[in-house]
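**Student:** This is input-v1.tsv, which holds TSV, C-alpha atoms:
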```
chain	number	residue	atom	x	y	z
A	7	MET	CA	55.44	16.48	59.26
A	8	ARG	CA	51.79	15.55	58.79
A	9	PRO	CA	50.48	13.52	57.09
A	10	ALA	CA	53.64	11.39	56.65
A	11	ILE	CA	54.40	11.39	60.38
A	12	GLU	CA	51.93	12.02	63.18
A	13	PRO	CA	52.77	13.12	66.72
A	14	GLY	CA	53.51	10.03	68.81
A	15	ASP	CA	54.62	7.78	65.94
A	16	TRP	CA	57.38	5.33	66.87
A	17	LEU	CA	60.11	5.30	64.25
A	18	LEU	CA	63.28	3.40	63.48
A	19	VAL	CA	66.21	5.62	62.61
A	20	ASP	CA	69.32	4.35	60.84
A	21	PRO	CA	72.28	6.17	62.40
A	22	ARG	CA	74.87	4.62	60.06
A	23	VAL	CA	74.34	7.13	57.26
A	24	ARG	CA	77.52	8.96	56.31
A	25	ARG	CA	76.03	11.11	53.54
A	26	TRP	CA	72.76	12.96	53.07
A	27	PRO	CA	70.17	10.40	51.85
A	28	ALA	CA	68.47	11.06	48.50
A	29	PRO	CA	65.96	13.93	48.26
A	30	GLY	CA	62.54	12.80	49.48
A	31	SER	CA	64.02	10.88	52.43
A	32	VAL	CA	63.06	11.68	56.01
A	33	VAL	CA	65.96	12.53	58.30
A	34	VAL	CA	66.61	13.17	61.99
A	35	PHE	CA	69.14	15.94	62.64
A	36	ARG	CA	70.06	18.65	65.10
A	37	GLU	CA	68.54	22.05	64.32
A	38	PRO	CA	71.40	24.46	63.51
A	39	ASP	CA	69.96	27.28	65.60
A	40	THR	CA	68.73	25.34	68.65
A	41	ASP	CA	70.70	22.06	68.62
A	42	GLU	CA	67.41	20.23	69.29
A	43	LEU	CA	66.63	16.92	67.60
A	44	ALA	CA	64.27	17.49	64.69
A	45	ILE	CA	62.75	15.53	61.83
A	46	LYS	CA	62.19	16.86	58.30
A	47	ARG	CA	62.42	15.76	54.68
A	48	VAL	CA	65.43	16.27	52.41
A	49	ALA	CA	64.25	18.68	49.71
A	50	ALA	CA	67.63	19.01	48.01
A	51	GLY	CA	71.05	17.46	48.57
A	52	PRO	CA	74.69	18.54	48.25
A	53	GLY	CA	75.48	20.57	45.13
A	54	GLU	CA	71.83	20.94	44.16
A	55	ARG	CA	69.99	24.18	43.51
A	56	VAL	CA	67.26	25.57	45.73
A	57	SER	CA	65.06	27.99	43.82
A	58	PHE	CA	63.62	31.20	45.19
A	59	ALA	CA	61.31	33.80	43.69
A	60	GLU	CA	64.19	35.82	42.29
A	61	GLY	CA	67.12	33.44	42.02
A	62	TYR	CA	68.58	30.27	43.48
A	63	LEU	CA	71.06	28.97	46.02
A	64	VAL	CA	73.63	26.24	45.31
A	65	LEU	CA	74.09	23.91	48.28
A	66	GLY	CA	77.63	23.17	49.48
A	67	GLU	CA	79.28	19.74	49.27
A	68	ASP	CA	78.08	18.68	52.70
A	69	GLU	CA	74.79	20.58	52.87
A	70	ALA	CA	71.13	19.66	52.48
A	71	TRP	CA	67.95	21.74	52.32
A	72	LEU	CA	65.41	20.27	54.74
A	73	THR	CA	61.72	21.13	54.67
A	74	ALA	CA	58.51	20.21	56.48
A	75	ASP	CA	55.77	18.36	54.61
A	76	ALA	CA	53.08	20.63	56.07
A	77	ASP	CA	52.67	24.10	54.61
A	78	SER	CA	51.61	27.27	56.46
A	79	ALA	CA	47.91	26.63	55.80
A	80	VAL	CA	48.05	23.21	57.48
A	81	THR	CA	50.04	24.41	60.50
A	82	ALA	CA	47.79	27.48	60.87
A	83	GLU	CA	44.77	25.16	61.14
A	84	LEU	CA	46.48	23.46	64.07
A	85	GLY	CA	47.10	26.81	65.73
A	86	PHE	CA	50.79	27.07	64.89
A	87	GLY	CA	52.83	29.48	62.81
A	88	ASP	CA	55.00	28.55	59.84
A	89	PRO	CA	56.94	25.28	59.98
A	90	ARG	CA	60.53	25.72	61.17
A	91	ASP	CA	62.89	24.30	58.57
A	92	SER	CA	65.65	25.38	56.18
A	93	ARG	CA	63.55	28.39	55.26
A	94	ASN	CA	64.35	29.66	58.78
A	95	TYR	CA	67.81	28.30	59.46
A	96	GLY	CA	69.20	27.77	55.98
A	97	PRO	CA	71.12	24.73	54.66
A	98	VAL	CA	72.00	22.06	57.22
A	99	PRO	CA	75.60	20.74	57.30
A	100	LEU	CA	76.27	16.98	57.32
A	101	GLU	CA	77.76	17.07	60.83
A	102	LEU	CA	74.24	17.76	62.18
A	103	LEU	CA	72.71	14.68	60.52
A	104	VAL	CA	71.78	12.03	63.09
A	105	GLY	CA	70.17	9.38	60.90
A	106	ARG	CA	67.58	8.43	58.31
A	107	ALA	CA	64.09	7.67	59.60
A	108	TRP	CA	63.00	4.67	57.56
A	109	PHE	CA	60.33	2.63	59.35
A	110	ARG	CA	57.26	3.22	61.55
A	111	TYR	CA	56.62	0.39	64.04
A	112	ALA	CA	53.73	2.01	65.91
A	113	PRO	CA	50.84	2.61	65.81
A	114	LEU	CA	50.35	-0.83	64.27
A	115	ALA	CA	47.61	0.44	61.95
A	116	ARG	CA	50.21	2.49	60.11
A	117	LEU	CA	53.13	0.06	60.42
A	118	GLY	CA	55.51	0.18	57.49
A	119	PRO	CA	58.40	1.94	55.78
A	120	LEU	CA	58.41	5.72	55.48
A	121	ARG	CA	57.99	6.44	51.80
A	122	ARG	CA	60.26	8.79	49.91
A	123	ARG	CA	58.47	11.59	48.09
B	10	MET	CA	53.09	-1.74	80.79
B	11	SER	CA	54.47	-5.07	79.66
B	12	ARG	CA	58.19	-5.67	79.49
B	13	LEU	CA	57.92	-5.93	75.68
B	14	THR	CA	56.14	-2.60	75.35
B	15	ARG	CA	58.69	-1.01	77.62
B	16	TRP	CA	61.47	-2.40	75.48
B	17	LEU	CA	59.81	-1.10	72.31
B	18	THR	CA	59.04	2.38	73.61
B	19	PRO	CA	61.37	4.89	71.98
B	20	SER	CA	63.81	6.56	74.33
B	21	THR	CA	64.47	9.57	72.12
B	22	VAL	CA	61.91	12.16	71.05
B	23	VAL	CA	62.41	14.19	67.90
B	24	ARG	CA	60.29	17.18	66.96
B	25	ALA	CA	58.97	18.72	63.79
B	26	HIS	CA	58.82	22.25	65.10
B	27	CYS	CA	56.57	25.06	63.95
B	28	ASP	CA	56.71	28.64	65.10
B	29	LEU	CA	54.32	29.33	67.93
B	30	PRO	CA	53.59	33.03	67.61
B	31	CYS	CA	51.37	34.72	70.19
B	32	GLY	CA	49.57	36.32	67.25
B	33	VAL	CA	49.47	39.83	68.69
B	34	TYR	CA	50.92	42.46	66.37
B	35	ASP	CA	50.59	46.23	66.43
B	36	PRO	CA	52.78	48.93	64.83
B	37	GLU	CA	52.13	50.97	67.97
B	38	GLN	CA	54.90	48.99	69.68
B	39	ALA	CA	57.42	50.28	67.13
B	40	ARG	CA	55.91	53.77	67.26
B	41	ILE	CA	56.33	54.15	71.01
B	42	GLU	CA	60.02	53.29	70.76
B	43	ALA	CA	60.37	55.65	67.78
B	44	GLU	CA	58.69	58.39	69.81
B	45	SER	CA	61.33	57.78	72.49
B	46	CYS	CA	64.01	58.41	69.86
B	47	TYR	CA	62.24	61.62	68.84
B	48	LYS	CA	61.91	62.93	72.39
B	49	ILE	CA	65.44	61.98	73.35
B	50	ILE	CA	66.79	63.98	70.39
B	51	GLU	CA	64.76	66.97	71.62
B	52	LYS	CA	66.28	66.58	75.09
B	53	TYR	CA	69.75	66.09	73.62
B	54	GLN	CA	69.50	69.35	71.73
B	55	ALA	CA	68.22	71.28	74.75
B	56	ASN	CA	71.10	70.22	77.01
B	57	SER	CA	74.80	70.89	76.56
B	58	ASP	CA	76.05	68.74	79.45
B	59	ALA	CA	78.45	66.15	78.03
B	60	THR	CA	77.39	63.34	80.36
B	61	PHE	CA	73.70	63.98	79.69
B	62	ARG	CA	74.34	63.96	75.95
B	63	THR	CA	76.33	60.72	76.09
B	64	ARG	CA	73.55	59.04	78.03
B	65	ALA	CA	70.92	60.40	75.64
B	66	ILE	CA	72.75	58.91	72.65
B	67	ALA	CA	73.10	55.52	74.36
B	68	ILE	CA	69.39	55.46	75.16
B	69	LYS	CA	68.47	56.49	71.62
B	70	GLU	CA	70.53	53.64	70.18
B	71	GLU	CA	68.86	51.15	72.48
B	72	ARG	CA	65.34	52.40	71.62
B	73	ALA	CA	66.14	52.44	67.90
B	74	GLU	CA	67.21	48.81	68.10
B	75	LEU	CA	63.80	48.01	69.60
B	76	VAL	CA	62.04	49.86	66.76
B	77	LYS	CA	63.90	47.68	64.30
B	78	HIS	CA	63.01	44.53	66.21
B	79	HIS	CA	59.29	45.39	66.36
B	80	LEU	CA	59.20	46.30	62.67
B	81	ASP	CA	60.96	43.07	61.73
B	82	VAL	CA	58.52	40.93	63.71
B	83	LEU	CA	55.57	42.74	62.14
B	84	TRP	CA	57.01	42.34	58.67
B	85	HIS	CA	57.96	38.67	58.99
B	86	ASP	CA	55.23	37.33	61.20
B	87	TYR	CA	52.09	39.42	60.73
B	88	PHE	CA	52.16	40.30	57.04
B	89	LYS	CA	51.50	37.41	54.64
B	90	PRO	CA	51.92	37.19	50.85
B	91	GLU	CA	48.17	37.73	50.31
B	92	HIS	CA	48.46	41.18	51.95
B	93	LEU	CA	50.62	42.33	49.05
B	94	GLU	CA	47.51	42.57	46.89
B	95	LYS	CA	46.08	45.20	49.21
B	96	VAL	CA	49.41	46.88	49.94
B	97	PRO	CA	51.67	46.43	46.89
B	98	LYS	CA	54.36	48.73	48.34
B	99	LEU	CA	54.58	46.72	51.56
B	100	HIS	CA	58.17	45.48	51.21
B	101	ASP	CA	59.41	48.93	50.20
B	102	MET	CA	57.67	50.45	53.20
B	103	PHE	CA	59.45	48.13	55.64
B	104	TRP	CA	62.75	48.33	53.80
B	105	ASN	CA	62.66	52.15	53.93
B	106	ALA	CA	61.48	52.32	57.53
B	107	THR	CA	64.15	49.92	58.85
B	108	LYS	CA	66.80	51.83	56.85
B	109	GLN	CA	65.48	55.01	58.45
B	110	VAL	CA	65.91	53.43	61.89
B	111	SER	CA	69.62	53.01	61.12
B	112	LYS	CA	69.72	56.67	60.16
B	113	VAL	CA	68.04	57.72	63.39
B	114	LYS	CA	70.57	55.66	65.34
B	115	ALA	CA	73.41	57.72	63.92
B	116	SER	CA	71.63	61.06	63.84
B	117	THR	CA	70.70	63.81	66.28
B	118	ASP	CA	68.51	65.55	63.70
B	119	LEU	CA	64.88	65.75	64.76
B	120	ALA	CA	63.75	65.61	61.11
B	121	ASP	CA	65.14	62.06	60.81
B	122	ALA	CA	63.14	60.87	63.81
B	123	LYS	CA	60.03	62.61	62.48
B	124	LYS	CA	60.40	60.91	59.11
B	125	LEU	CA	60.59	57.53	60.89
B	126	LEU	CA	57.35	58.27	62.76
B	127	GLU	CA	55.65	59.06	59.45
B	128	GLN	CA	56.91	55.83	57.93
B	129	ILE	CA	55.62	53.83	60.89
B	130	ASP	CA	52.24	55.58	60.48
B	131	GLU	CA	52.15	54.39	56.87
B	132	ILE	CA	52.80	50.84	58.07
B	133	ASP	CA	50.07	51.32	60.66
B	134	ALA	CA	47.64	52.24	57.86
B	135	ALA	CA	48.63	49.04	56.01
B	136	TRP	CA	48.12	47.02	59.19
B	137	LYS	CA	44.65	48.52	59.60
B	138	ALA	CA	43.79	48.06	55.92
B	139	THR	CA	44.55	44.34	56.21
B	140	GLY	CA	42.37	43.96	59.30
B	141	GLY	CA	45.29	43.80	61.73
B	142	ALA	CA	43.48	45.56	64.54
B	143	GLU	CA	40.54	43.15	64.51
B	144	LYS	CA	42.62	40.04	63.84
B	145	THR	CA	45.47	40.44	66.27
B	146	ARG	CA	44.55	42.60	69.27
B	147	VAL	CA	42.61	41.61	72.35
B	148	VAL	CA	39.67	43.95	72.84
B	149	LYS	CA	40.14	46.45	75.67
B	150	GLN	CA	37.64	46.51	78.50
B	151	THR	CA	35.89	49.89	78.45
B	152	ALA	CA	35.35	51.59	81.79
```
Can you turn what I pasted into structure tokens?

**Tutor:**
Amino acid sequence: MRPAIEPGDWLLVDPRVRRWPAPGSVVVFREPDTDELAIKRVAAGPGERVSFAEGYLVLGEDEAWLTADADSAVTAELGFGDPRDSRNYGPVPLELLVGRAWFRYAPLARLGPLRRR
Amino acid sequence: MSRLTRWLTPSTVVRAHCDLPCGVYDPEQARIEAESCYKIIEKYQANSDATFRTRAIAIKEERAELVKHHLDVLWHDYFKPEHLEKVPKLHDMFWNATKQVSKVKASTDLADAKKLLEQIDEIDAAWKATGGAEKTRVVKQTA
């Protein structure tokens, strides 16, 4: 999730969310295929369209499309493969949403709210 | 660590995963399993024992599944969009080869297995043309 979030950042997560926050928000959720806690950005919310090269997908009423900020070029530079996000595991249902990450309280040099994009 | 820092330290870790591929890709992996399919069909045809034939078919199915797996990994993980410029037929090649694997699974015709080997060789040529051998393999120590 560079550059928005760096490894080791300390974040506040609001667990009271009952719906997918607006696109651009950063969310913590359980990965559908591994059940591990993960953090990504909402690219599209319920009922919205996700475009592909030759068509589009309409998200269900409780689904969101979550993507990493970093693209393949950035992750390749760090020695990793492609980011794992909805492009691997598809739309994420609301029941896997844990909360909205909204504030970074450490390191102090980058203290402040996580901006929506 | 002060009590305050301890209190502030997050207790939950979340991750922003990326794939971590080993980066080694070679169509040879698929070819060896496809050769197994070819040879097992030869053995199947040369033997009329029912038990032998049943075992041969089970082994062929298992090997064919591995061919499909190796081709899928090569397709998804090694080949990148920029390779399409050099190999415009790339997606068709993989689509046809993986379809052919399904055919080999259900077939005891040697010609089907031979066609699969030829298709894998075409993919091998694409892998070489895009620098796969130099980029992904670890150089062998020569004796």

**Student:** Using all atoms listed in the file, I'd like a table of the residues in chain B that come within 9 Å of chain A; for each, show the closest atom pair and its distance in Å rounded to one decimal, ordered by chain and ascending number, as a tab-separated table.

**Tutor:**
```
residue	atom	partner	partner_atom	distance
B:Leu17	CA	A:Trp16	CA	8.8
B:Thr18	CA	A:Trp16	CA	7.5
B:Pro19	CA	A:Trp16	CA	6.5
B:Thr21	CA	A:Leu43	CA	8.9
B:Val22	CA	A:Leu43	CA	7.5
B:Val23	CA	A:Ala44	CA	5.0
B:Arg24	CA	A:Ala44	CA	4.6
B:Ala25	CA	A:Ile45	CA	5.3
B:His26	CA	A:Arg90	CA	5.5
B:Cys27	CA	A:Pro89	CA	4.0
B:Asp28	CA	A:Gly87	CA	4.6
B:Leu29	CA	A:Phe86	CA	5.2
B:Pro30	CA	A:Gly87	CA	6.0
B:Gly32	CA	A:Gly87	CA	8.8
B:Asp86	CA	A:Gly87	CA	8.4
```

**Student:** What gap, in Å, lies between CA of Arg72 in chain B and CA of Cys46 in chain B?

**Tutor:** 6.4 Å

**Student:** List the spatial neighbours of Leu100 in chain A as a list in words - criterion: any atom at most 9 Å away, only C-alpha atoms, same-chain residues fewer than 2 positions off excluded.

**Tutor:**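 Surrounding residues, per the criterion: Arg24, Arg25, Trp26, Phe35, Asp68, Glu69, Ala70, Val98, Leu102, Leu103 and Val104 of chain A.
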
**Student:** For CA of Ala43 in chain B and CA of Trp136 in chain B, quote the distance in Å rounded to one decimal.

**Tutor:**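 Calculated distance between CA of Ala43 in chain B and CA of Trp136 in chain B is 17.3 Å.
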
**Student:** Write out as a PDB file with C-alpha atoms, in the frame of the given file which residues come within 9 Å of range 91-95 of chain B when counting all atoms listed in the file, dropping same-chain ones fewer than 4 positions away.

**Tutor:**
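Written file, around31.pdb:
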```pdb
ATOM      1  CA  LEU B  99      54.580  46.720  51.560  1.00  0.00           C
ATOM      2  CA  HIS B 100      58.170  45.480  51.210  1.00  0.00           C
ATOM      3  CA  ALA B 135      48.630  49.040  56.010  1.00  0.00           C
ATOM      4  CA  ALA B 138      43.790  48.060  55.920  1.00  0.00           C
ATOM      5  CA  THR B 139      44.550  44.340  56.210  1.00  0.00           C
TER       6      THR B 139
END
```

**Student:** Using all atoms listed in the file, find all polymer residues with an atom at most 8 Å away from the point (61.4, 12.1, 43.9); report them as a PDB file with C-alpha atoms, in the coordinates of the input.

**Tutor:**
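The new file part_31.pdb reads:
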```
ATOM      1  CA  PRO A  29      65.960  13.930  48.260  1.00  0.00           C
ATOM      2  CA  GLY A  30      62.540  12.800  49.480  1.00  0.00           C
ATOM      3  CA  ARG A 122      60.260   8.790  49.910  1.00  0.00           C
ATOM      4  CA  ARG A 123      58.470  11.590  48.090  1.00  0.00           C
TER       5      ARG A 123
END
```

**Student:** Which one of A:Ala28, A:Arg106, A:Leu63, A:Asp77 sits closest to Pro119 in chain A if you count only C-alpha atoms?

**Tutor:** A:Arg106

**Student:** Show me, as a ChimeraX atom specification, the residues that have an atom within 8 Å of Thr145 in chain B when counting only C-alpha atoms, minus same-chain residues fewer than 5 positions from it.

**Tutor:** /B:32-35

**Student:** Nearest residue to Arg22 in chain A out of A:Leu65, A:Leu72, A:Val56, A:Ala107, using only C-alpha atoms?

**Tutor:**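 Of all the options, A:Ala107 lies closest to Arg22 in chain A.
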
**Student:** Within 7 Å of range 120-129 of chain B, counting all atoms listed in the file, which residues qualify if same-chain residues fewer than 5 places away don't, as a PyMOL selection string?

**Tutor:** chain B and resi 36+40+43+46-47+106+109-110+113

**Student:** Could you check how far CA of Asn56 in chain B sits from CA of Gln38 in chain B, in Å to one decimal?

**Tutor:**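 Interatomic distance here is 27.7 Å.
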
**Student:** Would you kindly return, as a list in words, each protein, DNA or RNA residue with an atom no farther than 9 Å from any atom of Ser111 in chain B, considering only C-alpha atoms and excluding same-chain residues fewer than 3 positions away?

**Tutor:**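 The contact residues come out as Ala73, Glu74, Lys77, Ala106, Thr107, Lys108, Lys114, Ala115 and Ser116 of chain B.
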
**Student:** When you count all atoms listed in the file, which of these residues is closest to Ile49 in chain B: B:Leu13, B:Val82, B:Leu119, B:Val96?

**Tutor:**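 That would be B:Leu119, the residue with the smallest distance to Ile49 in chain B.
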
**Student:** What would range 96-107 of chain A look like with all heavy atoms in place, written as a CSV table (one decimal), keeping the file's coordinate frame?

**Tutor:**
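Written file, rebuild12.csv:
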```csv
chain,number,residue,atom,x,y,z
A,96,GLY,N,68.3,27.9,57.1
A,96,GLY,CA,69.2,27.8,56.0
A,96,GLY,C,69.6,26.3,55.8
A,96,GLY,O,69.1,25.4,56.4
A,97,PRO,N,70.6,26.1,54.9
A,97,PRO,CA,71.1,24.7,54.7
A,97,PRO,C,71.7,24.1,55.9
A,97,PRO,O,72.2,24.8,56.8
A,97,PRO,CB,72.3,25.0,53.7
A,97,PRO,CG,72.1,26.3,53.2
A,97,PRO,CD,71.4,27.1,54.2
A,98,VAL,N,71.5,22.8,56.0
A,98,VAL,CA,72.0,22.1,57.2
A,98,VAL,C,73.3,21.3,56.9
A,98,VAL,O,73.3,20.5,55.9
A,98,VAL,CB,70.9,21.1,57.8
A,98,VAL,CG1,71.4,20.4,59.0
A,98,VAL,CG2,69.6,21.9,58.1
A,99,PRO,N,74.4,21.5,57.6
A,99,PRO,CA,75.6,20.7,57.3
A,99,PRO,C,75.5,19.3,57.8
A,99,PRO,O,74.8,18.9,58.7
A,99,PRO,CB,76.7,21.5,58.1
A,99,PRO,CG,75.9,22.2,59.2
A,99,PRO,CD,74.5,22.5,58.7
A,100,LEU,N,76.3,18.4,57.1
A,100,LEU,CA,76.3,17.0,57.3
A,100,LEU,C,76.6,16.6,58.8
A,100,LEU,O,76.0,15.7,59.3
A,100,LEU,CB,77.3,16.3,56.4
A,100,LEU,CG,77.3,14.8,56.4
A,100,LEU,CD1,76.0,14.2,55.9
A,100,LEU,CD2,78.5,14.3,55.6
A,101,GLU,N,77.4,17.4,59.4
A,101,GLU,CA,77.8,17.1,60.8
A,101,GLU,C,76.6,17.1,61.8
A,101,GLU,O,76.6,16.5,62.9
A,101,GLU,CB,78.8,18.0,61.3
A,101,GLU,CG,78.4,19.5,61.4
A,101,GLU,CD,79.5,20.4,61.7
A,101,GLU,OE1,80.6,20.2,61.1
A,101,GLU,OE2,79.2,21.4,62.4
A,102,LEU,N,75.4,17.7,61.3
A,102,LEU,CA,74.2,17.8,62.2
A,102,LEU,C,73.3,16.6,61.9
A,102,LEU,O,72.2,16.5,62.5
A,102,LEU,CB,73.5,19.1,62.0
A,102,LEU,CG,74.3,20.3,62.5
A,102,LEU,CD1,73.5,21.6,62.3
A,102,LEU,CD2,74.7,20.2,64.0
A,103,LEU,N,73.6,15.8,60.9
A,103,LEU,CA,72.7,14.7,60.5
A,103,LEU,C,72.9,13.6,61.6
A,103,LEU,O,74.0,13.2,61.9
A,103,LEU,CB,73.1,14.1,59.1
A,103,LEU,CG,72.4,12.9,58.7
A,103,LEU,CD1,70.9,13.1,58.5
A,103,LEU,CD2,73.0,12.4,57.4
A,104,VAL,N,71.7,13.1,62.1
A,104,VAL,CA,71.8,12.0,63.1
A,104,VAL,C,71.5,10.7,62.5
A,104,VAL,O,72.1,9.7,62.8
A,104,VAL,CB,70.8,12.3,64.2
A,104,VAL,CG1,70.6,11.2,65.2
A,104,VAL,CG2,71.2,13.6,65.0
A,105,GLY,N,70.5,10.7,61.5
A,105,GLY,CA,70.2,9.4,60.9
A,105,GLY,C,69.0,9.5,59.9
A,105,GLY,O,68.4,10.6,59.8
A,106,ARG,N,68.7,8.4,59.2
A,106,ARG,CA,67.6,8.4,58.3
A,106,ARG,C,66.4,7.7,58.9
A,106,ARG,O,66.6,6.5,59.4
A,106,ARG,CB,68.0,7.8,57.0
A,106,ARG,CG,66.9,7.8,55.9
A,106,ARG,CD,67.4,7.2,54.6
A,106,ARG,NE,67.5,5.8,54.7
A,106,ARG,CZ,66.6,4.9,54.4
A,106,ARG,NH1,65.4,5.3,54.0
A,106,ARG,NH2,66.8,3.6,54.5
A,107,ALA,N,65.3,8.3,59.1
A,107,ALA,CA,64.1,7.7,59.6
A,107,ALA,C,63.5,6.8,58.5
A,107,ALA,O,63.2,7.4,57.4
A,107,ALA,CB,63.1,8.7,60.1
```
